[in-house]
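For reference, query_27.txt (compact mmCIF, C-alpha atoms and all ligand atoms):
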```txt
# COMPACT_ATOMS: atom_id res chain seq x y z
CA MET A 1 3.02 -21.41 3.54
CA ASN A 2 3.31 -19.82 0.11
CA GLY A 3 0.83 -17.89 -1.98
CA GLN A 4 -0.23 -20.97 -3.90
CA GLN A 5 -1.54 -22.59 -0.73
CA ILE A 6 -3.28 -19.52 0.65
CA PHE A 7 -5.20 -18.32 -2.36
CA LYS A 8 -7.59 -20.64 -4.12
CA MET A 9 -5.63 -20.58 -7.39
CA LEU A 10 -7.85 -21.20 -10.40
CA PRO A 11 -7.29 -21.38 -14.14
CA VAL A 12 -8.76 -18.35 -15.88
CA GLU A 13 -11.91 -20.10 -17.15
CA GLU A 14 -12.90 -21.23 -13.67
CA ALA A 15 -12.11 -17.86 -12.12
CA ALA A 16 -14.20 -16.08 -14.76
CA LYS A 17 -17.15 -18.40 -14.14
CA LEU A 18 -16.93 -17.56 -10.47
CA LEU A 19 -16.95 -13.79 -10.87
CA GLY A 20 -19.10 -13.30 -13.97
CA ARG A 21 -18.40 -11.65 -17.28
CA GLY A 22 -20.66 -8.65 -17.87
CA PRO A 23 -19.60 -5.01 -18.26
CA VAL A 24 -19.15 -2.84 -15.15
CA SER A 25 -19.99 0.80 -14.45
CA SER A 26 -17.18 3.30 -15.03
CA LEU A 27 -18.67 5.75 -12.50
CA PRO A 28 -16.58 4.54 -9.53
CA TYR A 29 -13.43 5.40 -11.48
CA TYR A 30 -13.98 9.16 -11.75
CA ASP A 31 -17.09 10.46 -10.00
CA PRO A 32 -16.43 12.76 -6.98
CA GLY A 33 -19.68 11.75 -5.22
CA ARG A 34 -18.82 8.14 -5.60
CA TRP A 35 -15.27 8.79 -4.30
CA GLU A 36 -16.74 10.36 -1.18
CA LEU A 37 -18.66 7.13 -0.54
CA GLU A 38 -15.50 5.04 -0.99
CA ARG A 39 -13.62 7.39 1.31
CA GLN A 40 -16.18 6.84 4.04
CA ALA A 41 -16.98 3.18 3.37
CA ILE A 42 -13.42 1.99 2.79
CA PHE A 43 -10.56 4.35 3.54
CA MET A 44 -11.82 5.78 6.82
CA ARG A 45 -12.23 2.24 8.19
CA SER A 46 -9.56 0.04 6.60
CA TRP A 47 -6.04 -0.88 7.63
CA LEU A 48 -3.62 1.18 5.54
CA HIS A 49 0.11 0.55 5.20
CA VAL A 50 2.00 3.74 6.07
CA GLY A 51 5.51 2.74 7.11
CA HIS A 52 7.94 0.15 8.44
CA ILE A 53 9.34 -0.46 11.91
CA CYS A 54 12.90 -0.04 10.62
CA GLU A 55 12.12 3.67 10.21
CA ILE A 56 11.52 4.10 13.93
CA PRO A 57 14.03 1.73 15.53
CA GLU A 58 14.42 3.42 18.94
CA SER A 59 12.34 4.89 21.70
CA GLY A 60 11.43 8.43 20.59
CA SER A 61 11.92 7.73 16.87
CA PHE A 62 9.00 9.03 14.88
CA ILE A 63 7.71 9.53 11.36
CA ARG A 64 5.12 12.02 10.16
CA ARG A 65 2.61 10.91 7.55
CA GLU A 66 0.21 13.17 5.70
CA ILE A 67 -3.02 11.32 4.92
CA GLU A 68 -4.70 13.80 2.62
CA PHE A 69 -8.00 11.99 2.11
CA ALA A 70 -8.59 12.24 5.87
CA HIS A 71 -7.16 15.79 6.09
CA ALA A 72 -4.88 14.26 8.71
CA SER A 73 -1.26 14.60 9.66
CA LEU A 74 -0.12 11.68 11.82
CA LEU A 75 2.83 11.18 14.11
CA ILE A 76 3.84 7.55 14.41
CA ILE A 77 6.03 7.20 17.45
CA ARG A 78 7.93 4.40 19.15
CA GLY A 79 7.33 4.73 22.89
CA LYS A 80 9.60 4.06 25.85
CA ASP A 81 7.95 0.65 26.11
CA GLY A 82 8.85 -0.14 22.49
CA GLU A 83 5.20 0.10 21.40
CA ILE A 84 4.33 1.88 18.19
CA ARG A 85 1.47 4.36 18.44
CA ALA A 86 -0.08 6.82 16.02
CA PHE A 87 -1.41 10.24 17.01
CA HIS A 88 -2.89 13.18 15.21
CA ASN A 89 -0.14 15.76 14.78
CA ALA A 90 -2.25 18.34 16.58
CA CYS A 91 -1.81 19.88 20.01
CA THR A 92 -4.89 19.36 22.18
CA HIS A 93 -4.81 22.99 23.39
CA ARG A 94 -5.79 24.69 20.13
CA GLY A 95 -4.65 22.29 17.45
CA THR A 96 -1.21 23.50 16.41
CA GLN A 97 0.87 20.90 14.58
CA LEU A 98 3.62 19.56 16.79
CA ALA A 99 6.18 18.39 14.24
CA ASP A 100 7.14 19.63 10.79
CA GLU A 101 9.89 17.10 10.14
CA VAL A 102 9.11 14.00 8.10
CA SER A 103 10.99 11.92 10.67
CA GLY A 104 13.19 12.39 13.71
CA LYS A 105 13.82 11.46 17.31
CA ARG A 106 12.56 13.27 20.39
CA SER A 107 12.06 12.51 24.05
CA ARG A 108 8.86 14.60 24.12
CA PHE A 109 6.80 16.81 21.84
CA SER A 110 6.47 20.46 22.88
CA CYS A 111 4.04 22.70 21.08
CA ARG A 112 5.63 25.81 19.57
CA TYR A 113 2.62 27.99 20.38
CA HIS A 114 2.10 27.92 24.18
CA MET A 115 4.44 25.09 25.15
CA TRP A 116 2.09 22.27 26.07
CA THR A 117 4.35 19.24 26.21
CA PHE A 118 3.42 15.64 25.45
CA GLY A 119 5.17 12.36 26.24
CA LEU A 120 5.94 9.61 23.74
CA ASP A 121 2.72 7.89 24.82
CA GLY A 122 0.71 10.99 23.92
CA ALA A 123 -0.02 12.02 27.53
CA LEU A 124 0.08 15.72 28.41
CA VAL A 125 3.16 16.04 30.63
CA SER A 126 3.14 19.76 31.34
CA ALA A 127 1.46 22.99 30.32
CA PRO A 128 2.33 26.51 31.52
CA ASP A 129 -0.18 28.00 33.96
CA PHE A 130 -2.36 24.92 33.62
CA GLU A 131 -4.34 25.87 36.76
CA ARG A 132 -6.25 28.38 34.65
CA PHE A 133 -7.59 25.59 32.46
CA HIS A 134 -10.57 23.86 33.94
CA VAL A 135 -9.85 20.45 32.50
CA ALA A 136 -7.95 17.39 33.71
CA LYS A 137 -4.55 16.66 32.17
CA GLU A 138 -5.74 13.11 31.49
CA ASP A 139 -8.35 14.54 29.15
CA CYS A 140 -5.75 16.39 27.11
CA SER A 141 -3.74 13.49 25.66
CA LEU A 142 -2.97 13.55 21.96
CA LYS A 143 -5.76 12.07 19.84
CA GLN A 144 -4.80 8.53 19.01
CA VAL A 145 -5.34 6.61 15.79
CA GLN A 146 -5.28 2.81 15.70
CA ALA A 147 -1.87 1.45 14.68
CA GLN A 148 -0.73 -2.17 14.38
CA VAL A 149 2.39 -3.87 13.07
CA LEU A 150 2.44 -6.95 10.90
CA ALA A 151 5.50 -8.39 9.17
CA GLY A 152 7.41 -5.24 10.08
CA MET A 153 4.86 -3.09 8.26
CA ILE A 154 2.98 -0.39 10.14
CA PHE A 155 -0.74 -0.13 9.42
CA ILE A 156 -3.10 2.59 10.65
CA ASN A 157 -6.88 2.64 10.79
CA PHE A 158 -9.07 5.72 11.32
CA ASP A 159 -11.87 3.56 12.68
CA PRO A 160 -11.57 3.98 16.47
CA ALA A 161 -12.77 0.38 16.99
CA PRO A 162 -11.87 -1.71 13.93
CA LYS A 163 -13.92 -4.88 13.58
CA GLN A 164 -10.78 -6.90 12.84
CA SER A 165 -7.09 -6.62 13.70
CA ILE A 166 -4.74 -6.39 10.73
CA ARG A 167 -3.83 -10.03 11.36
CA GLU A 168 -7.47 -11.09 11.29
CA PHE A 169 -8.11 -8.98 8.21
CA LEU A 170 -5.27 -10.64 6.27
CA GLY A 171 -6.04 -14.15 7.55
CA PRO A 172 -3.55 -16.75 6.28
CA ILE A 173 -1.75 -14.10 4.23
CA ALA A 174 -0.45 -12.65 7.50
CA ASP A 175 1.64 -15.76 8.20
CA ALA A 176 3.05 -15.75 4.67
CA LEU A 177 4.05 -12.09 5.00
CA GLU A 178 5.95 -12.86 8.20
CA LEU A 179 8.23 -15.11 6.15
CA THR A 180 9.09 -12.49 3.53
CA PRO A 181 12.13 -10.20 3.57
CA VAL A 182 9.92 -7.20 4.34
CA ALA A 183 9.35 -8.64 7.82
CA ARG A 184 13.09 -8.59 8.52
CA ALA A 185 13.98 -5.45 6.59
CA VAL A 186 16.46 -3.00 8.09
CA ASP A 187 16.61 -0.68 5.08
CA PHE A 188 14.68 0.22 1.95
CA THR A 189 14.89 2.18 -1.27
CA GLU A 190 11.85 4.36 -1.79
CA TRP A 191 10.38 6.57 -4.44
CA THR A 192 7.00 8.21 -4.66
CA TYR A 193 5.02 9.79 -7.44
CA GLU A 194 1.66 11.46 -7.90
CA ILE A 195 -0.58 10.51 -10.75
CA GLU A 196 -3.75 12.02 -12.22
CA ALA A 197 -5.79 8.86 -11.82
CA ASN A 198 -8.35 7.26 -9.55
CA TRP A 199 -6.74 4.84 -7.09
CA LYS A 200 -8.43 1.87 -8.78
CA THR A 201 -7.36 2.97 -12.26
CA SER A 202 -3.84 3.11 -10.89
CA PHE A 203 -3.94 -0.21 -9.04
CA ASP A 204 -5.74 -1.99 -11.90
CA ASN A 205 -2.84 -1.39 -14.24
CA TYR A 206 -0.78 -3.75 -12.08
CA GLN A 207 -3.56 -6.34 -11.98
CA GLU A 208 -3.50 -7.37 -15.65
CA ASN A 209 -0.92 -8.41 -18.23
CA TYR A 210 -3.11 -7.66 -21.25
CA HIS A 211 -1.22 -4.38 -21.76
CA LEU A 212 2.30 -5.78 -21.53
CA ARG A 213 3.12 -6.28 -25.16
CA VAL A 214 1.59 -2.94 -26.16
CA ILE A 215 3.21 -0.55 -23.71
CA HIS A 216 6.23 -2.60 -22.60
CA PRO A 217 7.52 -3.94 -25.92
CA ARG A 218 11.08 -3.77 -24.59
CA THR A 219 10.85 -4.22 -20.81
CA GLY A 220 8.00 -6.75 -21.04
CA ARG A 221 9.74 -9.08 -23.45
CA PRO A 222 11.02 -11.58 -20.87
CA VAL A 223 7.45 -12.58 -19.95
CA LEU A 224 6.08 -12.84 -23.51
CA GLY A 225 6.59 -15.93 -25.67
CA PRO A 226 5.07 -17.63 -28.70
CA GLU A 227 3.13 -20.02 -26.43
CA ASN A 228 1.75 -17.09 -24.44
CA PRO A 229 1.97 -13.94 -26.59
CA PHE A 230 0.20 -11.77 -24.02
CA GLY A 231 2.20 -13.14 -21.09
CA TYR A 232 -1.02 -13.97 -19.24
CA PRO A 233 -0.70 -15.45 -15.74
CA THR A 234 -1.56 -19.13 -15.50
CA HIS A 235 -3.82 -18.91 -12.43
CA TYR A 236 -5.76 -16.36 -10.41
CA GLY A 237 -6.61 -16.69 -6.76
CA PHE A 238 -8.73 -15.04 -4.10
CA CYS A 239 -8.67 -14.90 -0.32
CA GLY A 240 -11.48 -12.71 1.03
CA PRO A 241 -11.02 -9.23 -0.46
CA HIS A 242 -7.40 -10.00 -1.42
CA ARG A 243 -6.08 -11.38 -4.72
CA SER A 244 -3.11 -13.12 -6.25
CA GLN A 245 -1.92 -14.50 -9.58
CA THR A 246 0.62 -17.05 -10.77
CA LEU A 247 2.92 -15.63 -13.39
CA TRP A 248 3.68 -17.73 -16.43
CA LYS A 249 7.27 -18.94 -16.65
CA ASN A 250 8.71 -18.34 -20.08
CA PRO A 251 10.64 -21.51 -21.04
CA SER A 252 12.88 -19.60 -23.44
CA PRO A 253 13.16 -15.97 -22.36
CA PRO A 254 15.23 -13.57 -24.50
CA PRO A 255 18.79 -12.99 -23.30
CA THR A 256 19.03 -10.52 -20.42
CA PRO A 257 21.14 -7.42 -21.20
CA PRO A 258 24.63 -7.93 -19.66
CA ILE A 259 24.36 -5.09 -17.14
CA GLN A 260 21.04 -6.38 -15.84
CA LEU A 261 22.34 -9.93 -15.75
CA MET A 262 25.34 -8.83 -13.74
CA SER A 263 23.11 -6.98 -11.30
CA PHE A 264 20.67 -9.86 -11.06
CA LEU A 265 23.33 -12.53 -10.47
CA ARG A 266 25.11 -10.37 -7.95
CA GLY A 267 21.79 -9.57 -6.28
CA ALA A 268 20.87 -13.25 -6.10
CA ALA A 269 24.26 -14.08 -4.58
CA LEU A 270 23.96 -11.32 -2.00
CA ALA A 271 20.38 -12.31 -1.23
CA GLU A 272 21.50 -15.86 -0.51
CA LYS A 273 24.20 -14.54 1.76
CA ASP A 274 21.61 -12.42 3.54
CA ASP A 275 19.40 -15.47 3.95
CA VAL A 276 16.46 -13.88 2.20
CA ALA A 277 15.60 -16.68 -0.17
CA PHE A 278 11.81 -16.57 -0.61
CA PRO A 279 9.30 -17.86 -3.14
CA LYS A 280 7.86 -15.78 -5.95
CA SER A 281 4.79 -14.07 -4.57
CA ASP A 282 2.14 -11.55 -5.48
CA PHE A 283 -0.20 -10.15 -2.85
CA LYS A 284 -2.81 -7.62 -3.90
CA LEU A 285 -4.16 -6.60 -0.54
CA PHE A 286 -7.36 -4.67 0.02
CA PRO A 287 -7.72 -1.84 -0.44
CA CYS A 288 -4.61 -0.45 -2.11
CA LEU A 289 -1.41 -2.34 -1.22
CA HIS A 290 0.47 -4.49 -3.70
CA ILE A 291 3.38 -6.62 -2.51
CA VAL A 292 5.48 -8.23 -5.19
CA GLY A 293 8.19 -10.79 -4.49
CA LEU A 294 10.36 -11.42 -7.52
CA PRO A 295 13.45 -12.99 -5.98
CA PRO A 296 15.91 -11.58 -5.12
CA ASN A 297 13.85 -8.38 -4.83
CA GLN A 298 10.69 -7.62 -2.96
CA PHE A 299 8.79 -4.40 -3.25
CA THR A 300 5.59 -2.82 -2.01
CA HIS A 301 3.49 -0.47 -4.11
CA THR A 302 0.82 1.57 -2.34
CA HIS A 303 -1.86 3.45 -4.28
CA MET A 304 -2.97 6.04 -1.74
CA PRO A 305 -5.94 8.10 -2.94
CA LEU A 306 -5.61 11.88 -2.74
CA GLY A 307 -8.97 12.61 -4.34
CA PRO A 308 -11.34 11.14 -6.95
CA THR A 309 -8.77 11.30 -9.74
CA ARG A 310 -5.45 11.78 -8.00
CA THR A 311 -3.31 9.13 -6.33
CA ARG A 312 0.07 8.94 -4.69
CA GLY A 313 2.11 5.89 -5.55
CA GLN A 314 4.74 4.83 -3.07
CA ILE A 315 7.18 2.11 -3.95
CA ARG A 316 9.61 0.55 -1.55
CA MET A 317 12.16 -2.16 -2.10
CA TYR A 318 13.02 -3.69 1.24
CA TRP A 319 16.46 -5.00 2.22
CA THR A 320 17.55 -7.19 5.10
CA SER A 321 20.99 -5.61 5.39
CA LYS A 322 22.41 -2.12 5.14
CA ALA A 323 23.98 -1.08 1.83
CA ASP A 324 27.46 -1.39 3.30
CA SER A 325 29.40 -2.07 0.11
CA ALA A 326 29.57 -0.67 -3.41
CA SER A 327 28.39 -4.02 -4.67
CA ARG A 328 25.20 -3.95 -2.61
CA GLN A 329 24.62 -0.31 -3.47
CA PHE A 330 24.91 -1.09 -7.19
CA VAL A 331 22.53 -4.04 -7.01
CA ARG A 332 19.91 -2.02 -5.15
CA GLU A 333 20.09 1.01 -7.42
CA MET A 334 19.93 -1.20 -10.47
CA ALA A 335 16.93 -3.12 -9.14
CA ALA A 336 15.10 0.09 -8.25
CA MET A 337 15.84 1.70 -11.60
CA SER A 338 14.68 -1.38 -13.52
CA VAL A 339 11.31 -1.30 -11.76
CA ARG A 340 11.05 2.46 -12.16
CA ASP A 341 11.64 2.24 -15.93
CA VAL A 342 8.76 -0.18 -16.37
CA LEU A 343 6.45 1.89 -14.19
CA ALA A 344 7.22 5.05 -16.14
CA GLU A 345 5.76 3.34 -19.20
CA ASP A 346 2.65 2.41 -17.23
CA ARG A 347 2.03 5.88 -15.86
CA VAL A 348 1.62 7.50 -19.27
CA ALA A 349 -1.09 4.98 -20.21
CA ILE A 350 -2.85 5.19 -16.83
CA GLU A 351 -3.21 8.98 -17.05
CA ALA A 352 -4.48 8.80 -20.65
CA CYS A 353 -7.02 6.21 -19.50
CA GLN A 354 -8.21 8.47 -16.69
CA ARG A 355 -8.55 11.48 -19.01
CA GLY A 356 -10.74 9.44 -21.33
CA VAL A 357 -12.95 8.16 -18.55
CA GLY A 358 -13.47 11.57 -16.96
CA SER A 359 -16.14 12.80 -19.38
CA GLY A 360 -18.49 9.97 -18.49
CA ALA A 361 -18.92 9.18 -22.21
CA ILE A 362 -17.66 5.64 -21.63
CA ASP A 363 -20.23 4.58 -19.08
CA ARG A 364 -19.25 0.90 -19.01
CA PHE A 365 -15.95 -0.97 -18.92
CA HIS A 366 -15.49 -4.34 -20.57
CA PHE A 367 -13.19 -6.59 -18.57
CA GLN A 368 -11.94 -9.64 -20.44
CA ASP A 369 -11.33 -12.94 -18.64
CA HIS A 370 -7.69 -12.13 -17.93
CA GLU A 371 -8.79 -8.86 -16.31
CA ILE A 372 -10.46 -10.90 -13.59
CA LEU A 373 -8.51 -9.28 -10.76
CA LEU A 374 -9.85 -5.85 -11.78
CA ARG A 375 -13.35 -7.29 -11.61
CA HIS A 376 -12.65 -8.70 -8.16
CA LEU A 377 -11.49 -5.32 -6.84
CA TYR A 378 -14.54 -3.66 -8.42
CA GLU A 379 -16.87 -6.17 -6.75
CA GLU A 380 -15.20 -5.82 -3.36
CA VAL A 381 -15.45 -2.03 -3.51
CA GLU A 382 -19.08 -2.21 -4.67
CA ALA A 383 -20.00 -4.52 -1.81
CA ARG A 384 -18.51 -2.19 0.78
CA VAL A 385 -20.07 0.94 -0.68
CA GLU A 386 -23.49 -0.75 -0.86
CA ALA A 387 -23.22 -1.99 2.73
CA TYR A 388 -22.22 1.49 3.89
CA VAL A 389 -25.09 3.17 2.04
CA SER A 390 -27.69 0.79 3.48
CA GLU A 391 -26.20 1.07 6.97
CA ARG A 392 -26.36 4.86 6.69
CA ALA A 393 -29.99 4.68 5.54
CA ARG A 394 -30.81 2.35 8.42
CA THR A 395 -29.16 4.54 11.06
CA GLY A 396 -30.47 7.78 9.56
CA GLY A 397 -27.06 9.01 8.43
CA SER A 398 -25.29 8.70 11.77
CA GLN A 399 -22.55 6.47 10.26
S1 LIG B 1 -1.86 25.34 20.61
FE1 LIG B 1 -0.37 24.07 21.45
S2 LIG B 1 0.12 24.95 23.33
FE2 LIG B 1 -1.39 26.25 22.51
FE FE B 2 2.67 -2.35 -17.04
```
Would you encode the structure as structure tokens?
Ligand code: FES
Ligand SMILES: [Fe+2]
Amino acid sequence: MNGQQIFKMLPVEEAAKLLGRGPVSSLPYYDPGRWELERQAIFMRSWLHVGHICEIPESGSFIRREIEFAHASLLIIRGKDGEIRAFHNACTHRGTQLADEVSGKRSRFSCRYHMWTFGLDGALVSAPDFERFHVAKEDCSLKQVQAQVLAGMIFINFDPAPKQSIREFLGPIADALELTPVARAVDFTEWTYEIEANWKTSFDNYQENYHLRVIHPRTGRPVLGPENPFGYPTHYGFCGPHRSQTLWKNPSPPPTPPIQLMSFLRGAALAEKDDVAFPKSDFKLFPCLHIVGLPPNQFTHTHMPLGPTRTRGQIRMYWTSKADSASRQFVREMAAMSVRDVLAEDRVAIEACQRGVGSGAIDRFHFQDHEILLRHLYEEVEARVEAYVSERARTGGSQ
């Protein structure tokens, strides 16, 4: 099943009729009070992509993830039973962090302070002079956070009892993701960056092509043509809170520079050899994960909020084989650098946009029809914040 079948793909006029055309409030894009509501209503109860199973291949392998908006440090550990679990990186005696490394492999986690020791399943295994504590060992396990794997990707959720599994939340998209190279990845190229921008300002940049010819006059050329001077997608589609678009295919693209062509052809040949042929795809998954499949490359781009106007971008290109030859290494570096070049152009504009919004002088945004995916994200966020606020009012603030 490809993206075209999952998302109800509509021409722009129909999509615009569906979602409306008026201006929207700019407040959610900079206001700290509003961010706090989104943090509670969305980020503290949504599935968030934080890693891949290829990072923790064996029993005892672990990764540490700092989730700043939750003031949390998490240890994501593969247990003896092969299960992947996430725990707060905090000893249950008096809270000391158990691991400083970003990743590693251990058979147990001993606290540096008084030597409480925990197993890979989070259970307290031993503690010196434990008889003087008047508590059962079973009540001293590491504090667990929900973790689930889908298509090789690890998702965590701070809600102790999520209403949906990650598979239920993604619906038919889940099956499509299982067929992509990310599901079979054994390696990846990663880079991260921090940006002075709200997470939606950051994500929105990758949800419209209106800006292509202005800020990517060189790198955007292949997707601009006289028949479609803005390089607008041909269709937009929605599946619950998730979105997609169909990119326009330029019938006569400008010649690709020789070095890029060489990398692309070599990459395509290697991809075929690796059996990772897959259709072009574009999954904009709620809240902040973007998965782009532009054969022969696939990459994920996460916009993790750090505060009202600061976001960490994490990009990963996933590979189904190790970079075991100079040829593969070259293709991967070249692919990563090509994407990074384009994104560098975006980042300058995104930060300037955020600086302008911050004063509150521009109280409304005007989305044009081809900015329909931005409108969809705005509406989805609004709906969740509103539901959270009324739920809180109903329960007297106990949410
Ligand atoms: S805080 Fe960890 S053993 Fe005391
Ligand atoms: Fe761009």
Exercise for review: For region 241-249 of chain A, please output as a PyMOL selection string all residues within 10 Å (counting all atoms listed in the file; exclusion window: fewer than 4 positions along the same chain).
Suggested key: chain A and resi 3-4+6-11+169-171+173+207-209+222-225+228+231-237+253+280-292+372-374+376-377+379-381
Could those selected residues go to a file with C-alpha atoms, as a tab-separated table (two decimals), in the coordinates of the input?
```tsv
chain	number	residue	atom	x	y	z
A	3	GLY	CA	0.83	-17.89	-1.98
A	4	GLN	CA	-0.23	-20.97	-3.90
A	6	ILE	CA	-3.28	-19.52	0.65
A	7	PHE	CA	-5.20	-18.32	-2.36
A	8	LYS	CA	-7.59	-20.64	-4.12
A	9	MET	CA	-5.63	-20.58	-7.39
A	10	LEU	CA	-7.85	-21.20	-10.40
A	11	PRO	CA	-7.29	-21.38	-14.14
A	169	PHE	CA	-8.11	-8.98	8.21
A	170	LEU	CA	-5.27	-10.64	6.27
A	171	GLY	CA	-6.04	-14.15	7.55
A	173	ILE	CA	-1.75	-14.10	4.23
A	207	GLN	CA	-3.56	-6.34	-11.98
A	208	GLU	CA	-3.50	-7.37	-15.65
A	209	ASN	CA	-0.92	-8.41	-18.23
A	222	PRO	CA	11.02	-11.58	-20.87
A	223	VAL	CA	7.45	-12.58	-19.95
A	224	LEU	CA	6.08	-12.84	-23.51
A	225	GLY	CA	6.59	-15.93	-25.67
A	228	ASN	CA	1.75	-17.09	-24.44
A	231	GLY	CA	2.20	-13.14	-21.09
A	232	TYR	CA	-1.02	-13.97	-19.24
A	233	PRO	CA	-0.70	-15.45	-15.74
A	234	THR	CA	-1.56	-19.13	-15.50
A	235	HIS	CA	-3.82	-18.91	-12.43
A	236	TYR	CA	-5.76	-16.36	-10.41
A	237	GLY	CA	-6.61	-16.69	-6.76
A	253	PRO	CA	13.16	-15.97	-22.36
A	280	LYS	CA	7.86	-15.78	-5.95
A	281	SER	CA	4.79	-14.07	-4.57
A	282	ASP	CA	2.14	-11.55	-5.48
A	283	PHE	CA	-0.20	-10.15	-2.85
A	284	LYS	CA	-2.81	-7.62	-3.90
A	285	LEU	CA	-4.16	-6.60	-0.54
A	286	PHE	CA	-7.36	-4.67	0.02
A	287	PRO	CA	-7.72	-1.84	-0.44
A	288	CYS	CA	-4.61	-0.45	-2.11
A	289	LEU	CA	-1.41	-2.34	-1.22
A	290	HIS	CA	0.47	-4.49	-3.70
A	291	ILE	CA	3.38	-6.62	-2.51
A	292	VAL	CA	5.48	-8.23	-5.19
A	372	ILE	CA	-10.46	-10.90	-13.59
A	373	LEU	CA	-8.51	-9.28	-10.76
A	374	LEU	CA	-9.85	-5.85	-11.78
A	376	HIS	CA	-12.65	-8.70	-8.16
A	377	LEU	CA	-11.49	-5.32	-6.84
A	379	GLU	CA	-16.87	-6.17	-6.75
A	380	GLU	CA	-15.20	-5.82	-3.36
A	381	VAL	CA	-15.45	-2.03	-3.51
```
Selection within 9 Å of ligand LIG 1 (chain B) by all atoms listed in the file, output as a JSON list (two decimals) with C-alpha atoms, in the coordinates of the input:
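The result, written out as part-v8.json:
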```json
[["chain", "number", "residue", "atom", "x", "y", "z"],
["A", 90, "ALA", "CA", -2.25, 18.34, 16.58],
["A", 91, "CYS", "CA", -1.81, 19.88, 20.01],
["A", 92, "THR", "CA", -4.89, 19.36, 22.18],
["A", 93, "HIS", "CA", -4.81, 22.99, 23.39],
["A", 94, "ARG", "CA", -5.79, 24.69, 20.13],
["A", 95, "GLY", "CA", -4.65, 22.29, 17.45],
["A", 96, "THR", "CA", -1.21, 23.50, 16.41],
["A", 97, "GLN", "CA", 0.87, 20.90, 14.58],
["A", 98, "LEU", "CA", 3.62, 19.56, 16.79],
["A", 110, "SER", "CA", 6.47, 20.46, 22.88],
["A", 111, "CYS", "CA", 4.04, 22.70, 21.08],
["A", 112, "ARG", "CA", 5.63, 25.81, 19.57],
["A", 113, "TYR", "CA", 2.62, 27.99, 20.38],
["A", 114, "HIS", "CA", 2.10, 27.92, 24.18],
["A", 115, "MET", "CA", 4.44, 25.09, 25.15],
["A", 116, "TRP", "CA", 2.09, 22.27, 26.07],
["A", 117, "THR", "CA", 4.35, 19.24, 26.21],
["A", 127, "ALA", "CA", 1.46, 22.99, 30.32],
["A", 128, "PRO", "CA", 2.33, 26.51, 31.52]]
```
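Among the candidates A:Phe365, A:Tyr210, A:Trp35, A:Trp199, the one nearest to ligand FE 2 (chain B) when counting all atoms listed in the file is A:Tyr210.
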Point to revise | Site check for ligand FE 2 (chain B): residues at most 10 Å away, only C-alpha atoms and all ligand atoms, as number ranges by chain | key: A: 204-216, 219-220, 342-347, 349-350
Point to revise | Selection: 10 Å around Gln354 (chain A), only C-alpha atoms, excl. self and same-chain fewer than 5 positions, as number ranges by chain | key: A: 29-30, 195-198, 201-202, 309-310, 349, 359
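The two atoms in question, CA of Gly152 (chain A) and CA of Leu120 (chain A), are spaced 20.2 Å apart.
Using only C-alpha atoms, the nearest neighbour of Cys140 (chain A) within the list A:Met153, A:Ala174, A:Cys54, A:Leu124 is A:Leu124.
One distance worth recording is that between CA of Glu83 (chain A) and CA of Lys105 (chain A), which is 14.8 Å.
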Practice item. Would you mind listing what lies within 6 Å of region 46-53 of chain A as a list of chain:residue names, with all atoms listed in the file counted and same-chain residues fewer than 4 positions away left out? Key: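 In the requested form, the answer reads A:Ile42, A:Gly152, A:Met153, A:Ile154, A:Phe155, A:Ile156, A:Asn157.
Every protein, DNA or RNA residue with an atom at most 7 Å from Gly313 (chain A), where all atoms listed in the file count and chain neighbours fewer than 2 positions away do not, is listed here: A:Thr192, A:Tyr193, A:Glu194, A:His301, A:Thr302, A:His303, A:Met304, A:Thr311, A:Ile315.
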Practice item. Find the distance between CA of Asn89 (chain A) and CA of Leu74 (chain A) and write it in Å to one decimal. Key: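 Answer for the CA of Asn89 (chain A) to CA of Leu74 (chain A) separation: 5.0 Å.
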Please define a box with edges along x, y and z of the file around all atoms of region 37-56 of chain A given in the file, extend it by 5 Å on each side, and return its centre and edge lengths in Å to one decimal, as AutoDock Vina command-line options.
```
--center_x -2.9 --center_y 3.3 --center_z 6.5 --size_x 41.6 --size_y 18.3 --size_z 24.9
```
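Comparing A:Ser73, A:Phe87, A:Leu37, A:Glu333 by their smallest distance to Arg384 (chain A), the closest is A:Leu37 (using all atoms listed in the file).
In terms of minimum interatomic distance to Glu38 (chain A), A:Phe69 ranks closest within A:Ser141, A:Leu75, A:Phe69, A:Cys239, counting only C-alpha atoms.
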Check your understanding: Hey, what's within 8 Å of Phe158 (chain A) if we count all atoms listed in the file and toss same-chain stuff fewer than 5 positions away? As a PyMOL selection string, please?
Key -> chain A and resi 44-46+145-146
Using only C-alpha atoms, please write the residues we just selected to a file, as a PDB file, in the frame of the given file.
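Result file is again.pdb:
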```pdb
ATOM      1  CA  MET A  44     -11.820   5.780   6.820  1.00  0.00           C
ATOM      2  CA  ARG A  45     -12.230   2.240   8.190  1.00  0.00           C
ATOM      3  CA  SER A  46      -9.560   0.040   6.600  1.00  0.00           C
ATOM      4  CA  VAL A 145      -5.340   6.610  15.790  1.00  0.00           C
ATOM      5  CA  GLN A 146      -5.280   2.810  15.700  1.00  0.00           C
TER       6      GLN A 146
END
```
Practice item. Go through A:Ala361, A:Ala383, A:Leu177, A:Ile77 one by one, measure the shortest atom-to-atom distance of each to Phe118 (chain A) using only C-alpha atoms, and give the residue with the smallest value. Key: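 That would be A:Ile77, the residue with the smallest distance to Phe118 (chain A).
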Practice item. Select, from A:Arg34, A:Arg375, A:His370, A:Arg64, the residue with the minimum atom-to-atom distance to Pro308 (chain A), counting all atoms listed in the file. Key: A:Arg34
